Structure formats: C-alpha cells, structure tokens
$ cat structure-v1.txt   # compact mmCIF, C-alpha atoms
# COMPACT_ATOMS: atom_id res chain seq x y z
CA MET A 110 -189.77 -199.73 63.48
CA THR A 111 -187.40 -202.50 62.60
CA ALA A 112 -185.47 -204.58 65.09
CA GLY A 113 -182.31 -202.58 64.42
CA GLU A 114 -184.11 -199.34 65.21
CA TRP A 115 -185.51 -200.78 68.43
CA PHE A 116 -182.00 -201.86 69.42
CA ALA A 117 -180.60 -198.41 68.65
CA ALA A 118 -183.39 -196.72 70.58
CA SER A 119 -182.79 -198.95 73.59
CA LEU A 120 -179.06 -198.15 73.51
CA VAL A 121 -179.82 -194.43 73.44
CA LEU A 122 -182.25 -194.85 76.33
CA ILE A 123 -179.61 -196.69 78.38
CA GLY A 124 -177.27 -193.78 77.69
CA CYS A 125 -179.93 -191.35 78.87
CA GLY A 126 -180.24 -193.41 82.03
CA PHE A 127 -176.53 -192.98 82.70
CA PHE A 128 -176.84 -189.24 82.11
CA PHE A 129 -179.74 -189.12 84.55
CA ALA A 130 -177.67 -190.95 87.18
CA GLY A 131 -174.78 -188.54 86.65
CA THR A 132 -177.07 -185.53 86.99
CA VAL A 133 -178.54 -186.89 90.21
CA GLY A 134 -175.01 -187.28 91.50
CA LEU A 135 -174.18 -183.72 90.44
CA LEU A 136 -177.14 -182.39 92.36
CA ARG A 137 -176.86 -184.54 95.46
CA PHE A 138 -173.20 -185.12 96.19
CA PRO A 139 -171.65 -182.98 98.91
CA ASP A 140 -168.51 -181.50 97.40
CA THR A 141 -166.84 -180.69 94.12
CA LEU A 142 -164.63 -183.77 93.85
CA ALA A 143 -167.52 -186.19 94.32
CA ARG A 144 -169.62 -184.28 91.81
CA LEU A 145 -166.82 -184.34 89.26
CA HIS A 146 -166.47 -188.06 89.78
CA ALA A 147 -170.17 -188.56 89.10
CA ILE A 148 -170.49 -186.44 86.00
CA VAL A 149 -167.23 -187.42 84.33
CA LYS A 150 -167.70 -191.14 84.69
CA ALA A 151 -171.46 -191.45 84.25
CA ASP A 152 -171.80 -188.88 81.49
CA ASN A 153 -169.00 -190.33 79.41
CA VAL A 154 -170.43 -193.84 79.59
CA GLY A 155 -173.84 -192.36 78.73
CA LEU A 156 -172.34 -190.54 75.77
CA GLY A 157 -170.71 -193.79 74.67
CA PHE A 158 -174.04 -195.58 74.71
CA ILE A 159 -175.74 -192.74 72.83
CA CYS A 160 -172.99 -192.72 70.19
CA LEU A 161 -173.26 -196.52 69.89
CA GLY A 162 -177.02 -196.28 69.44
CA LEU A 163 -176.67 -193.57 66.81
CA ALA A 164 -174.00 -195.60 65.00
CA VAL A 165 -176.32 -198.62 64.94
CA TYR A 166 -179.15 -196.41 63.67
CA ASP A 167 -176.96 -194.87 60.98
CA GLY A 168 -175.60 -198.19 59.78
CA SER A 169 -172.68 -196.86 57.73
CA LEU A 170 -169.03 -197.31 58.58
CA ALA A 171 -168.10 -193.64 58.06
CA GLY A 172 -170.79 -192.47 60.45
CA GLY A 173 -169.76 -195.04 63.03
CA VAL A 174 -166.11 -194.02 62.87
CA ARG A 175 -167.08 -190.35 63.18
CA LEU A 176 -169.21 -191.06 66.24
CA LEU A 177 -166.39 -193.07 67.79
CA VAL A 178 -163.96 -190.18 67.26
CA ILE A 179 -166.51 -187.76 68.75
CA TRP A 180 -166.82 -189.97 71.83
CA LEU A 181 -163.04 -190.23 72.23
CA LEU A 182 -162.62 -186.46 71.90
CA ALA A 183 -165.35 -185.89 74.48
CA LEU A 184 -163.61 -188.36 76.80
CA VAL A 185 -160.27 -186.58 76.56
CA ALA A 186 -161.80 -183.12 76.93
CA SER A 187 -163.91 -184.04 79.93
CA ALA A 188 -161.09 -185.92 81.64
CA ILE A 189 -158.66 -183.03 81.36
CA SER A 190 -161.32 -180.47 82.28
CA ALA A 191 -162.28 -182.48 85.34
CA PHE A 192 -158.63 -182.72 86.35
CA LEU A 193 -158.22 -178.95 86.06
CA VAL A 194 -161.41 -178.21 87.97
CA ALA A 195 -160.45 -180.67 90.70
CA ARG A 196 -157.02 -179.12 90.96
CA TRP A 197 -158.58 -175.69 91.32
CA SER A 198 -161.06 -176.85 93.91
CA LEU A 199 -158.34 -178.34 96.10
CA GLY A 200 -156.95 -174.87 96.47
CA GLY A 201 -153.81 -173.96 98.34
CA THR A 202 -150.47 -175.30 97.23
CA ALA A 203 -151.99 -177.86 94.89
CA ALA A 204 -153.35 -175.08 92.73
CA ARG A 205 -150.10 -173.16 92.74
CA GLU A 206 -147.61 -175.91 92.08
CA GLY A 207 -146.92 -177.24 88.68
CA VAL A 208 -144.23 -178.02 86.22
CA PRO A 209 -141.90 -175.26 85.01
CA ASN A 210 -143.18 -173.60 81.90
CA ARG A 211 -141.21 -175.20 79.10
CA ARG A 212 -140.65 -172.53 76.53
CA PRO A 213 -139.80 -173.61 73.00
CA GLY A 214 -136.12 -172.76 72.78
CA PRO A 215 -133.63 -172.68 69.92
CA MET B 852 -194.56 -189.35 67.44
CA MET B 853 -193.01 -188.10 70.63
CA VAL B 854 -191.59 -185.10 68.85
CA PRO B 855 -193.86 -182.37 70.29
CA ALA B 856 -192.94 -183.46 73.82
CA PHE B 857 -189.26 -183.01 73.04
CA ASP B 858 -189.87 -179.58 71.51
CA LEU B 859 -191.93 -178.46 74.50
CA LEU B 860 -189.23 -179.69 76.86
CA LEU B 861 -186.60 -177.81 74.87
CA ALA B 862 -188.64 -174.61 74.90
CA ALA B 863 -189.29 -174.88 78.63
CA ALA B 864 -185.61 -175.50 79.30
CA LEU B 865 -184.67 -172.46 77.18
CA ILE B 866 -187.02 -170.22 79.13
CA ALA B 867 -185.86 -171.62 82.47
CA LEU B 868 -182.19 -171.15 81.61
CA ALA B 869 -182.77 -167.63 80.29
CA TRP B 870 -184.63 -166.72 83.45
CA GLY B 871 -181.85 -168.17 85.59
CA ALA B 872 -179.16 -166.39 83.58
CA VAL B 873 -180.83 -163.04 84.19
CA THR B 874 -182.05 -163.36 87.76
CA SER B 875 -179.33 -165.33 89.51
CA GLY B 876 -177.57 -163.65 92.38
CA ALA B 877 -173.98 -164.56 91.63
CA LEU B 878 -172.38 -163.37 88.40
CA PHE B 879 -170.53 -166.62 87.85
CA LYS B 880 -173.77 -168.58 88.06
CA CYS B 881 -175.38 -166.24 85.54
CA ILE B 882 -172.52 -166.78 83.11
CA VAL B 883 -172.61 -170.56 83.44
CA LEU B 884 -176.37 -170.57 82.86
CA PHE B 885 -175.85 -168.33 79.84
CA ILE B 886 -173.38 -170.81 78.36
CA ALA B 887 -175.84 -173.65 78.94
CA PHE B 888 -178.55 -171.52 77.32
CA GLY B 889 -176.31 -171.05 74.29
CA MET B 890 -175.82 -174.80 73.97
CA LEU B 891 -179.57 -175.45 74.14
CA LEU B 892 -180.14 -172.69 71.61
CA ALA B 893 -177.72 -174.47 69.26
CA LEU B 894 -179.78 -177.61 69.77
CA THR B 895 -182.91 -175.59 68.93
CA TRP B 896 -181.40 -174.38 65.67
CA ALA B 897 -180.51 -177.96 64.78
CA ARG B 898 -184.05 -179.03 65.62
CA LEU B 899 -185.44 -176.26 63.40
CA GLY B 900 -183.39 -177.58 60.49
CA ALA B 901 -180.61 -174.95 60.42
CA PRO B 902 -177.38 -176.86 61.11
CA ASP B 903 -175.12 -174.04 59.90
CA LEU B 904 -176.70 -171.73 62.43
CA ALA B 905 -176.40 -174.40 65.11
CA LEU B 906 -172.66 -174.73 64.47
CA ALA B 907 -172.17 -170.97 64.61
CA GLU B 908 -174.27 -170.63 67.76
CA ALA B 909 -172.39 -173.37 69.58
CA ALA B 910 -169.01 -171.95 68.63
CA ILE B 911 -169.65 -168.23 69.06
CA GLY B 912 -172.77 -167.80 71.17
CA ALA B 913 -172.03 -170.45 73.76
CA GLY B 914 -168.29 -170.89 73.56
CA PHE B 915 -166.64 -167.65 72.64
CA THR B 916 -169.10 -165.28 74.32
CA GLY B 917 -169.05 -167.43 77.43
CA VAL B 918 -165.27 -167.22 77.68
CA LEU B 919 -165.43 -163.46 77.13
CA PHE B 920 -167.92 -163.13 79.97
CA LEU B 921 -165.81 -165.28 82.27
CA THR B 922 -162.72 -163.19 81.57
CA ALA B 923 -164.70 -159.99 82.17
CA CYS B 924 -166.13 -161.42 85.39
CA ARG B 925 -162.66 -162.29 86.59
CA SER B 926 -161.30 -158.83 85.78
CA ALA B 927 -164.32 -156.94 87.07
CA PRO B 928 -163.58 -154.38 89.78
CA GLY B 929 -164.52 -155.87 93.09
CA ALA B 930 -164.40 -159.46 91.90
CA THR B 931 -162.71 -161.81 94.29
CA VAL B 932 -160.98 -164.93 93.05
CA ARG B 933 -161.09 -167.44 95.85
CA TYR B 934 -159.60 -170.86 95.64
CA GLY B 935 -161.87 -173.67 96.66
CA THR B 936 -165.14 -171.91 95.87
CA ALA B 937 -166.70 -170.32 92.83
CA ALA B 938 -164.21 -168.86 90.42
CA CYS B 939 -165.39 -165.30 90.83
CA ASP B 940 -168.28 -163.57 92.44
CA ALA B 941 -168.77 -159.90 91.75
CA GLY B 942 -171.74 -159.73 94.09
CA ARG B 943 -175.34 -158.81 93.45
CA LYS B 944 -176.18 -156.88 90.37
CA ARG B 945 -177.82 -153.49 90.65
CA GLY B 946 -180.95 -152.23 88.99
CA THR B 947 -183.41 -154.77 90.38
CA SER B 948 -186.21 -152.20 90.23
CA ALA B 949 -186.28 -152.08 86.42
CA LYS B 950 -186.68 -155.82 85.95
CA PRO B 951 -190.52 -156.05 85.88
CA ILE B 952 -190.73 -153.33 83.22
CA LEU B 953 -188.02 -154.97 81.13
CA LEU B 954 -189.72 -158.35 81.48
CA ALA B 955 -193.03 -156.88 80.33
CA LEU B 956 -191.35 -155.18 77.36
CA CYS B 957 -189.56 -158.39 76.32
CA LEU B 958 -192.74 -160.43 76.59
CA LEU B 959 -194.64 -157.86 74.52
CA ALA B 960 -191.93 -157.79 71.86
CA GLY B 961 -191.84 -161.61 71.76
CA ALA B 962 -195.61 -161.81 71.46
CA LEU B 963 -195.64 -159.26 68.61
CA VAL B 964 -192.89 -161.10 66.72
CA SER B 965 -194.58 -164.48 67.21
CA TRP B 966 -197.95 -163.12 66.08
CA SER B 967 -196.52 -161.53 62.94
CA MET B 968 -194.48 -164.65 62.10
CA LEU B 969 -197.50 -166.90 62.50
CA ARG B 970 -199.65 -164.62 60.36
CA ALA B 971 -197.08 -164.12 57.61
CA LEU B 972 -196.98 -167.64 56.23
CA PRO B 973 -194.71 -167.56 53.18
CA PRO B 974 -196.75 -167.28 49.97
CA PRO B 975 -195.30 -168.60 46.74
CA ASP B 976 -192.90 -165.79 45.99
CA ILE B 977 -191.22 -164.86 42.75
CA THR B 978 -187.77 -164.36 44.24
CA ALA B 979 -187.96 -167.55 46.31
CA THR B 980 -188.88 -169.63 43.26
CA ALA B 981 -186.13 -167.99 41.22
CA ALA B 982 -183.59 -168.62 43.98
CA HIS B 983 -184.61 -172.28 44.28
CA THR B 984 -184.29 -172.90 40.55
CA ALA B 985 -180.97 -171.05 40.40
CA LEU B 986 -179.61 -173.08 43.32
CA GLU B 987 -180.19 -176.30 41.43
CA THR B 988 -177.54 -175.42 38.85
CA HIS B 989 -175.21 -173.59 41.23
CA VAL B 990 -171.70 -174.87 41.73
CA LEU B 991 -172.33 -174.98 45.48
CA ALA B 992 -174.74 -177.56 46.80
CA ASN B 993 -175.20 -175.93 50.19
CA PRO B 994 -177.84 -173.20 49.80
CA VAL B 995 -176.67 -171.30 52.86
CA THR B 996 -173.15 -170.89 51.53
CA ALA B 997 -174.46 -170.04 48.08
CA VAL B 998 -176.59 -167.26 49.52
CA LEU B 999 -173.81 -165.99 51.77
CA LEU B 1000 -171.11 -165.88 49.14
CA ASP B 1001 -172.96 -165.40 45.88
CA TYR B 1002 -176.47 -164.02 46.06
CA ARG B 1003 -175.83 -161.92 49.16
CA GLY B 1004 -172.10 -161.57 48.76
CA TYR B 1005 -172.32 -157.83 49.36
CA ASP B 1006 -173.71 -158.45 52.84
CA THR B 1007 -170.87 -160.81 53.70
CA LEU B 1008 -168.30 -158.34 52.43
CA LEU B 1009 -169.72 -155.60 54.61
CA GLU B 1010 -170.02 -157.93 57.60
CA MET B 1011 -166.32 -158.76 57.41
CA THR B 1012 -165.56 -155.05 57.21
CA VAL B 1013 -167.74 -154.45 60.27
CA LEU B 1014 -165.78 -157.12 62.12
CA LEU B 1015 -162.54 -155.36 61.24
CA LEU B 1016 -163.97 -152.01 62.29
CA ALA B 1017 -165.06 -153.46 65.62
CA LEU B 1018 -161.52 -154.66 66.23
CA LEU B 1019 -160.12 -151.25 65.29
CA GLY B 1020 -162.56 -149.59 67.66
CA LEU B 1021 -161.46 -151.93 70.43
CA ARG B 1022 -157.82 -151.10 69.72
CA LEU B 1023 -158.59 -147.39 69.89
CA LEU B 1024 -160.31 -147.81 73.24
CA LEU B 1025 -157.43 -149.81 74.61
CA ALA B 1026 -154.89 -147.31 73.36
CA GLY B 1027 -156.71 -144.58 75.23
CA GLN B 1028 -157.15 -146.55 78.44
CA PRO B 1029 -154.85 -149.56 78.68
CA LEU B 1030 -156.22 -152.48 80.66
CA PRO B 1031 -154.11 -154.87 82.71
CA ASP B 1032 -153.37 -158.06 80.84
CA PRO B 1033 -156.19 -160.46 81.72
CA HIS B 1034 -154.01 -163.49 81.04
CA PRO B 1035 -150.45 -162.65 82.06
CA ASP B 1036 -147.50 -164.85 81.32
CA ARG B 1037 -147.32 -167.78 83.69
CA PRO B 1038 -144.11 -168.91 85.38
CA ILE B 1039 -145.43 -172.44 85.92
CA ASP B 1040 -147.38 -174.75 83.69
CA ILE B 1041 -150.18 -176.95 84.92
CA PRO B 1042 -149.81 -180.68 84.24
CA MET B 1043 -152.07 -182.17 81.58
CA VAL B 1044 -152.31 -178.88 79.72
CA ALA B 1045 -149.48 -179.70 77.34
CA PRO B 1046 -151.04 -183.05 76.29
CA LEU B 1047 -154.38 -181.31 75.85
CA LEU B 1048 -152.83 -178.77 73.50
CA ALA B 1049 -150.90 -181.49 71.70
CA LEU B 1050 -154.19 -183.18 70.96
CA ALA B 1051 -156.44 -180.16 70.51
CA THR B 1052 -154.33 -178.10 68.11
CA PRO B 1053 -154.13 -180.52 65.17
CA VAL B 1054 -157.70 -181.70 65.73
CA LEU B 1055 -159.08 -178.17 65.70
CA VAL B 1056 -157.09 -177.18 62.63
CA LEU B 1057 -158.18 -180.33 60.82
CA VAL B 1058 -161.84 -179.95 61.72
CA ALA B 1059 -161.77 -176.26 60.74
CA LEU B 1060 -160.34 -177.05 57.30
CA TYR B 1061 -162.85 -179.89 56.95
CA LEU B 1062 -165.75 -177.58 57.79
CA LEU B 1063 -164.38 -175.03 55.31
CA TYR B 1064 -164.28 -177.55 52.49
CA GLU B 1065 -167.51 -179.29 53.38
CA GLY B 1066 -169.32 -175.97 53.61
CA ALA B 1067 -169.63 -176.00 49.86
CA SER B 1068 -171.99 -178.95 49.86
CA HIS B 1069 -172.93 -179.69 53.48
CA PRO B 1070 -173.47 -177.65 56.64
CA GLY B 1071 -170.31 -175.76 57.43
CA GLY B 1072 -168.62 -172.80 55.89
CA ALA B 1073 -166.07 -170.10 56.44
CA PHE B 1074 -167.58 -168.57 59.54
CA GLN B 1075 -167.87 -171.84 61.44
CA ALA B 1076 -164.31 -172.79 60.49
CA GLY B 1077 -163.07 -169.36 61.55
CA ALA B 1078 -164.89 -169.72 64.86
CA LEU B 1079 -163.10 -173.03 65.48
CA LEU B 1080 -159.72 -171.52 64.74
CA GLY B 1081 -160.61 -168.61 66.98
CA ALA B 1082 -161.41 -171.12 69.71
CA LEU B 1083 -157.96 -172.63 69.18
CA GLY B 1084 -156.44 -169.19 69.56
CA VAL B 1085 -158.41 -168.61 72.75
CA LEU B 1086 -157.17 -171.96 74.09
CA LEU B 1087 -153.57 -171.03 73.33
CA ARG B 1088 -154.05 -167.65 74.97
CA LEU B 1089 -155.61 -169.13 78.10
CA THR B 1090 -152.83 -171.66 78.52
CA GLY B 1091 -150.06 -169.14 78.11
CA ARG B 1092 -148.76 -170.24 74.70
CA LEU B 1093 -149.70 -166.85 73.24
CA VAL B 1094 -148.55 -163.92 75.31
CA SER B 1095 -149.14 -160.23 74.86
CA ALA B 1096 -146.77 -158.30 72.68
CA PRO B 1097 -146.54 -154.54 72.14
CA ALA B 1098 -147.39 -154.75 68.47
CA LEU B 1099 -148.86 -157.14 65.97
CA ARG B 1100 -146.65 -159.29 63.81
CA PRO B 1101 -146.93 -158.57 60.07
CA LEU B 1102 -148.41 -161.99 59.32
CA PHE B 1103 -151.10 -161.41 61.92
CA ARG B 1104 -151.88 -158.02 60.45
CA PHE B 1105 -152.15 -159.54 57.02
CA SER B 1106 -154.51 -162.26 58.19
CA LEU B 1107 -156.74 -159.59 59.77
CA ILE B 1108 -157.27 -157.78 56.49
CA ALA B 1109 -157.06 -160.87 54.25
CA GLY B 1110 -160.77 -161.64 54.44
CA PRO B 1111 -162.34 -158.33 53.54
CA GLY B 1112 -159.38 -157.49 51.33
CA VAL B 1113 -159.55 -160.60 49.16
CA PHE B 1114 -163.30 -160.35 48.94
CA ALA B 1115 -163.14 -156.66 47.95
CA LEU B 1116 -160.42 -157.36 45.37
CA PHE B 1117 -162.53 -160.11 43.90
CA ALA B 1118 -165.59 -157.82 43.85
CA LEU B 1119 -163.69 -155.18 41.91
CA SER B 1120 -161.89 -157.54 39.56
CA SER B 1121 -165.12 -159.35 38.68
CA LEU B 1122 -165.92 -156.29 36.58
CA SER B 1123 -163.42 -157.64 34.08
CA TRP B 1124 -165.38 -160.80 33.38
CA GLY B 1125 -168.89 -159.69 34.18
CA ASP B 1126 -170.94 -156.56 34.03
CA ALA B 1127 -171.49 -156.18 37.79
CA PRO B 1128 -169.27 -156.52 40.85
CA LEU B 1129 -169.30 -159.79 42.77
CA THR B 1130 -170.08 -162.00 39.79
CA TYR B 1131 -168.29 -165.31 39.58
CA PRO B 1132 -166.65 -166.47 36.35
CA GLU B 1133 -168.01 -169.44 34.44
CA SER B 1134 -164.93 -171.60 34.99
CA GLY B 1135 -162.92 -171.86 38.18
CA ALA B 1136 -165.75 -170.58 40.34
CA PHE B 1137 -165.38 -173.37 42.88
CA LEU B 1138 -161.67 -172.73 43.47
CA LEU B 1139 -162.34 -169.02 43.71
CA LEU B 1140 -165.06 -169.65 46.29
CA ILE B 1141 -162.81 -171.90 48.37
CA GLY B 1142 -160.03 -169.31 48.23
CA ILE B 1143 -162.33 -166.51 49.33
CA GLU B 1144 -163.73 -168.67 52.12
CA PHE B 1145 -160.20 -169.49 53.26
CA ALA B 1146 -159.36 -165.79 53.54
CA LEU B 1147 -162.63 -165.15 55.38
CA MET B 1148 -161.82 -167.98 57.79
CA LEU B 1149 -158.38 -166.53 58.56
CA SER B 1150 -159.80 -163.08 59.16
CA THR B 1151 -162.56 -164.31 61.42
CA ALA B 1152 -160.15 -166.37 63.48
CA ALA B 1153 -157.57 -163.61 63.83
CA THR B 1154 -160.21 -161.04 64.80
CA LEU B 1155 -161.75 -163.33 67.40
CA VAL B 1156 -158.40 -164.13 68.99
CA LEU B 1157 -157.42 -160.46 69.15
CA VAL B 1158 -160.79 -159.40 70.53
CA PHE B 1159 -160.43 -162.03 73.24
CA GLY B 1160 -156.88 -161.06 74.02
CA ALA B 1161 -157.61 -157.38 74.56
CA VAL B 1162 -153.91 -156.68 74.13
CA PRO B 1163 -152.13 -154.77 71.36
CA GLY B 1164 -150.54 -157.86 69.90
CA LEU B 1165 -149.89 -161.54 70.44
CA ALA B 1166 -146.71 -163.52 70.17
CA ARG B 1167 -145.69 -167.07 70.91
CA SER B 1168 -144.21 -167.51 74.35
CA GLY B 1169 -140.54 -168.24 74.02
CA PRO B 1170 -137.17 -166.63 74.32
CA PRO B 1171 -137.33 -163.23 72.65
$ encode --input "structure-v1.txt" --output "structure tokens"
Amino acid sequence: MTAGEWFAASLVLIGCGFFFAGTVGLLRFPDTLARLHAIVKADNVGLGFICLGLAVYDGSLAGGVRLLVIWLLALVASAISAFLVARWSLGGTAAREGVPNRRPGP
Amino acid sequence: MMVPAFDLLLAAALIALAWGAVTSGALFKCIVLFIAFGMLLALTWARLGAPDLALAEAAIGAGFTGVLFLTACRSAPGATVRYGTAACDAGRKRGTSAKPILLALCLLAGALVSWSMLRALPPPDITATAAHTALETHVLANPVTAVLLDYRGYDTLLEMTVLLLALLGLRLLLAGQPLPDPHPDRPIDIPMVAPLLALATPVLVLVALYLLYEGASHPGGAFQAGALLGALGVLLRLTGRLVSAPALRPLFRFSLIAGPGVFALFALSSLSWGDAPLTYPESGAFLLLIGIEFALMLSTAATLVLVFGAVPGLARSGPP
C-alpha cells in the first residue's frame, strides 16, 4: 500500500472510532435526548472522516465532490430527524404545538 | 486480506438482526430491526457485486417496506400511541408455539438452497456466452438494464402489469371496506419540516433523474429512480403536503398506466420494424430506451405512493 492509501485507511479508521463512541453512547446513556446527542454528533463526524478517507482513496475531484455532498445531505437529514425525534420524546405540549399549516394559496 | 472477516461479520449481523426482528417482544422493536436488516442486506448485495440490487433493496426493502410496517403498526387495532415512549406497541405477538417448527423448516430450506447453489457451479454455457458477446455491442453498457429492458423485456412488461394489478386489488379491497385515513390532514405544521421538504424535494427529483439516465451505463435504472420518487411521495404524504382526495386526478391516473402502457405500445409497434415484438430499431434505440424507462419510473413512483397512501386519491393540500 502506498502512503496515500495508508492515510486514507487511517482516516476511515478514525471515523470508525467516532462511530464506535456514538454507539457506546447510544447504548449507555440514560434517556432519549442524551442518546440523540451522542449519535447525531459522533456519527456525523465519523461519517465525515469516512467520506474524507474515501475521497483521498479515490483521488478524483468528481468523487470527492460527490462524497462531500453525501456527507452534507446526511448531516441535514440526521439533524432534522433528531430534532423531530427529540420533539416527540419531550411529549406533552411540545409535541402538540407548532406553526400553523401554511397552505399554498392563490 | 481482511475481507473474510468483514464478510463473516456481515453474515453474523444479518442473522442476529433477522433473529431479533422475528423474536422481539414489542412490534415497534421488530420493525426497527427489520429496517436495519434491510440496510445490511443492501450492503450484502453491494459486497456481492450487485449494486443495482443494493440500490433497490435500500430503497424498497428497507425504506418503503419499513414505512409501510410502521404505518400498519400505528393503525393496528389495540396499538397505543404514547408520547414520551416507543411510538407504538401492539403487545406480544401470538403463535409462539409454531416458532420451532418454522425455524427448522427455514433452516432446512436454507441448507438445501445453499447445497444446490454450491454444487451447481456455472459451466460454460451457450446462452451465457452468447449474452456476453451480444452485450459488448449493445447500446447499453449496463448489463442489468440491457437484460431488464431488452433480453428479458417481456418479464419487465409483465412485472409492471402485476404492479398495476396489485394496486387495483388494493383499491377494490378499500372500496369494500374503507379504512380510516392513516395520515389525516394536520392543522399545525411542525417546525423544520418545511426546510426539510424544501431541500429534499429537488434533491430527490434530481437524483432520481440522474439514476434514470446513468442506469444505461452504470448501476441505476428505472426501478431505482421510481423508488426514489416514491420515497418523495411518501415524504410528502407523511408531512401533510399530499392529502387524501375522493378520486384520482387525471394526471395521476395517466402516470399509473404510463409505464405498462408505453411498454406495451412499444412491444406492439416494434412489429413494424422487426419480425418479433419487443425488438428495438437500429437507430434511435437509446432515446427509445430512455423514454420507456422514464414511463416505467413514473408508474413505479405513482403506484408506490398510492399503495402507501391507502386512500382513493391524493391531492395537494391547499384551498379547494
């Protein structure tokens, strides 16, 4: 393996370490909000490291841009999903309040 | 290489997830484990060198089927939706006495299939060699799409018709016994949902069209693109942008029959330039393929959205 491949492999392994930390948090934290905090933050950083390692391994600009877009989409999706799950888990009025449904009008 | 360790880990995880999905006590936990199993199965297909199948498995097997199960779990009789805990819990499942027999039968069937697959190593076959040489000069570079649309086009045509028939059967059932709307119109909107849809809608449409076009030469194709558009429709339905209507709009109806219809029209009209149905012309074959795939994508998406909705029709939420 070349030096570039070693670097890419080490980046991917660092990302796996972040995923491992997030999973430990998911299994060990007491309630939903703490677990969400662990998996959203740690897993997204881990995914970023994995995407960076794969981009280094691939070497091309198109592949790197695609991996960056994948990471950004995963960030947005996980952030909004975590917000919705946290809102649900709070229960009570927090889960029932919201903004009025804006209907597309004429 | 460390590859066998990864494969063994993947296989062990698949078995563990499948076991958990079947034997868990709470229904919600079973469904979540099933979705995770679908994602690992998509990874397995990618590992086995079938990226088209991996895309379809991730979109349909894990995503769409998972959402269907969650909706069914929520609407199940006796399910309680409690804030602050699991989303729904329909209690313990019945029929625990039949599980050892079913497990033995599944293991026996799996062992038989594995034994026959390991014994039947592919010999150099006449049809396989002919297909490989024909694929080299085919207008499509992706062999999966070439097989689906050209060599086995008849199968794809009938599959699209089966999809339409399944939807018609569902409509008949619902007409006989109407179900309450599983996703009624919401008076309030949750924050952050509108920005999510503002981002997700153009991205999903763009990626679906990209997969449709790239399916000619790379992994992708009409079915994967249709599954993505169906996922967009499911997202719009879940967030209240598509509400139930008493009847289907004409454009929706047309998109339902566009796939099998266009394919059937092409099959019949190919008699005018060939001597058998479903033969492609010498010139313009690529455009014709893209057009047929576009119609198939629309049909797949429309059928998936309607099957998920379980209502007679869908309309955009807005002033009538």
$ closest_residue --input "structure-v1.txt" --among "A:Ala130, A:Leu177, A:His146, A:Ala118" --to "Phe192 in chain A" --atoms "all atoms listed in the file"
A:His146
$ atom_distance --input "structure-v1.txt" --atom1 "CA of Ser875 in chain B" --atom2 "CA of Cys957 in chain B"
18.1 Å
$ closest_residue --input "structure-v1.txt" --among "A:Ala112, A:Val121, A:Val149, A:Val133" --to "Ala191 in chain A" --atoms "all atoms listed in the file"
A:Val149
$ residues_around --input "structure-v1.txt" --residues "range 135-143 of chain A" --least-positions-apart "3" --cutoff "9 Å" --atoms "only C-alpha atoms" --output "JSON, numbers by chain"
{"A": [130, 131, 132, 146, 147, 148, 191, 194, 195, 198, 199], "B": [935]}
$ atom_distance --input "structure-v1.txt" --atom1 "CA of Phe885 in chain B" --atom2 "CA of Arg144 in chain A"
20.9 Å
$ residues_around --input "structure-v1.txt" --residues "Ala117 in chain A" --least-positions-apart "2" --cutoff "6 Å" --atoms "all atoms listed in the file" --output "ChimeraX atom specification"
/A:114-115,119-120,162,165-166
$ closest_residue --input "structure-v1.txt" --among "B:Ala1127, B:Leu1025, B:Ala962, B:Ile882" --to "Ala923 in chain B" --atoms "only C-alpha atoms"
B:Ile882
$ atom_distance --input "structure-v1.txt" --atom1 "CA of Thr874 in chain B" --atom2 "CA of Val964 in chain B"
23.8 Å
$ residues_around --input "structure-v1.txt" --residues "Ala188 in chain A" --least-positions-apart "5" --cutoff "9 Å" --atoms "all atoms listed in the file" --output "list in words"
Val149, Lys150, Ala183 and Leu193 of chain A
$ write_last_selection --input "structure-v1.txt" --atoms "C-alpha atoms" --output "PDB file, in the coordinates of the input"
ATOM      1  CA  VAL A 149    -167.230-187.420  84.330  1.00  0.00           C
ATOM      2  CA  LYS A 150    -167.700-191.140  84.690  1.00  0.00           C
ATOM      3  CA  ALA A 183    -165.350-185.890  74.480  1.00  0.00           C
ATOM      4  CA  LEU A 193    -158.220-178.950  86.060  1.00  0.00           C
TER       5      LEU A 193
END
$ axis_aligned_box --input "structure-v1.txt" --around "range 1059-1063 of chain B" --padding-each-side "5 Å" --output "JSON"
{"center_x": -163.0, "center_y": -177.5, "center_z": 58.0, "size_x": 15.4, "size_y": 14.9, "size_z": 15.4}
$ residues_around --input "structure-v1.txt" --residues "Gly917 in chain B" --least-positions-apart "5" --cutoff "9 Å" --atoms "all atoms listed in the file" --output "PyMOL selection string"
chain B and resi 882-883+885-886+889+911-912+922
$ closest_residue --input "structure-v1.txt" --among "B:Val873, B:Ala901, B:Leu1000, B:Leu969" --to "Lys950 in chain B" --atoms "all atoms listed in the file"
B:Val873
$ decode --input "structure-v1.txt" --residues "range 950-961 of chain B" --atoms "N, CA and C atoms" --output "CSV table (one decimal), in the first residue's frame"
chain,number,residue,atom,x,y,z
B,950,LYS,N,-43.1,-21.5,16.4
B,950,LYS,CA,-41.8,-21.0,16.0
B,950,LYS,C,-40.7,-22.0,15.8
B,951,PRO,N,-40.6,-23.0,16.7
B,951,PRO,CA,-39.5,-24.0,16.5
B,951,PRO,C,-39.7,-24.8,15.2
B,952,ILE,N,-40.9,-25.1,14.8
B,952,ILE,CA,-41.2,-25.8,13.5
B,952,ILE,C,-40.8,-24.9,12.4
B,953,LEU,N,-41.2,-23.6,12.4
B,953,LEU,CA,-40.9,-22.7,11.3
B,953,LEU,C,-39.4,-22.5,11.2
B,954,LEU,N,-38.7,-22.4,12.4
B,954,LEU,CA,-37.3,-22.2,12.3
B,954,LEU,C,-36.6,-23.4,11.7
B,955,ALA,N,-37.1,-24.7,12.1
B,955,ALA,CA,-36.5,-25.9,11.5
B,955,ALA,C,-36.7,-25.9,10.0
B,956,LEU,N,-37.9,-25.5,9.5
B,956,LEU,CA,-38.2,-25.5,8.1
B,956,LEU,C,-37.4,-24.5,7.4
B,957,CYS,N,-37.2,-23.3,7.9
B,957,CYS,CA,-36.4,-22.3,7.3
B,957,CYS,C,-34.9,-22.7,7.2
B,958,LEU,N,-34.4,-23.3,8.3
B,958,LEU,CA,-33.0,-23.8,8.2
B,958,LEU,C,-32.9,-24.9,7.2
B,959,LEU,N,-33.8,-25.8,7.1
B,959,LEU,CA,-33.7,-26.9,6.1
B,959,LEU,C,-33.8,-26.3,4.7
B,960,ALA,N,-34.7,-25.4,4.5
B,960,ALA,CA,-34.8,-24.8,3.1
B,960,ALA,C,-33.5,-24.0,2.8
B,961,GLY,N,-32.9,-23.3,3.7
B,961,GLY,CA,-31.7,-22.6,3.5
B,961,GLY,C,-30.5,-23.5,3.2
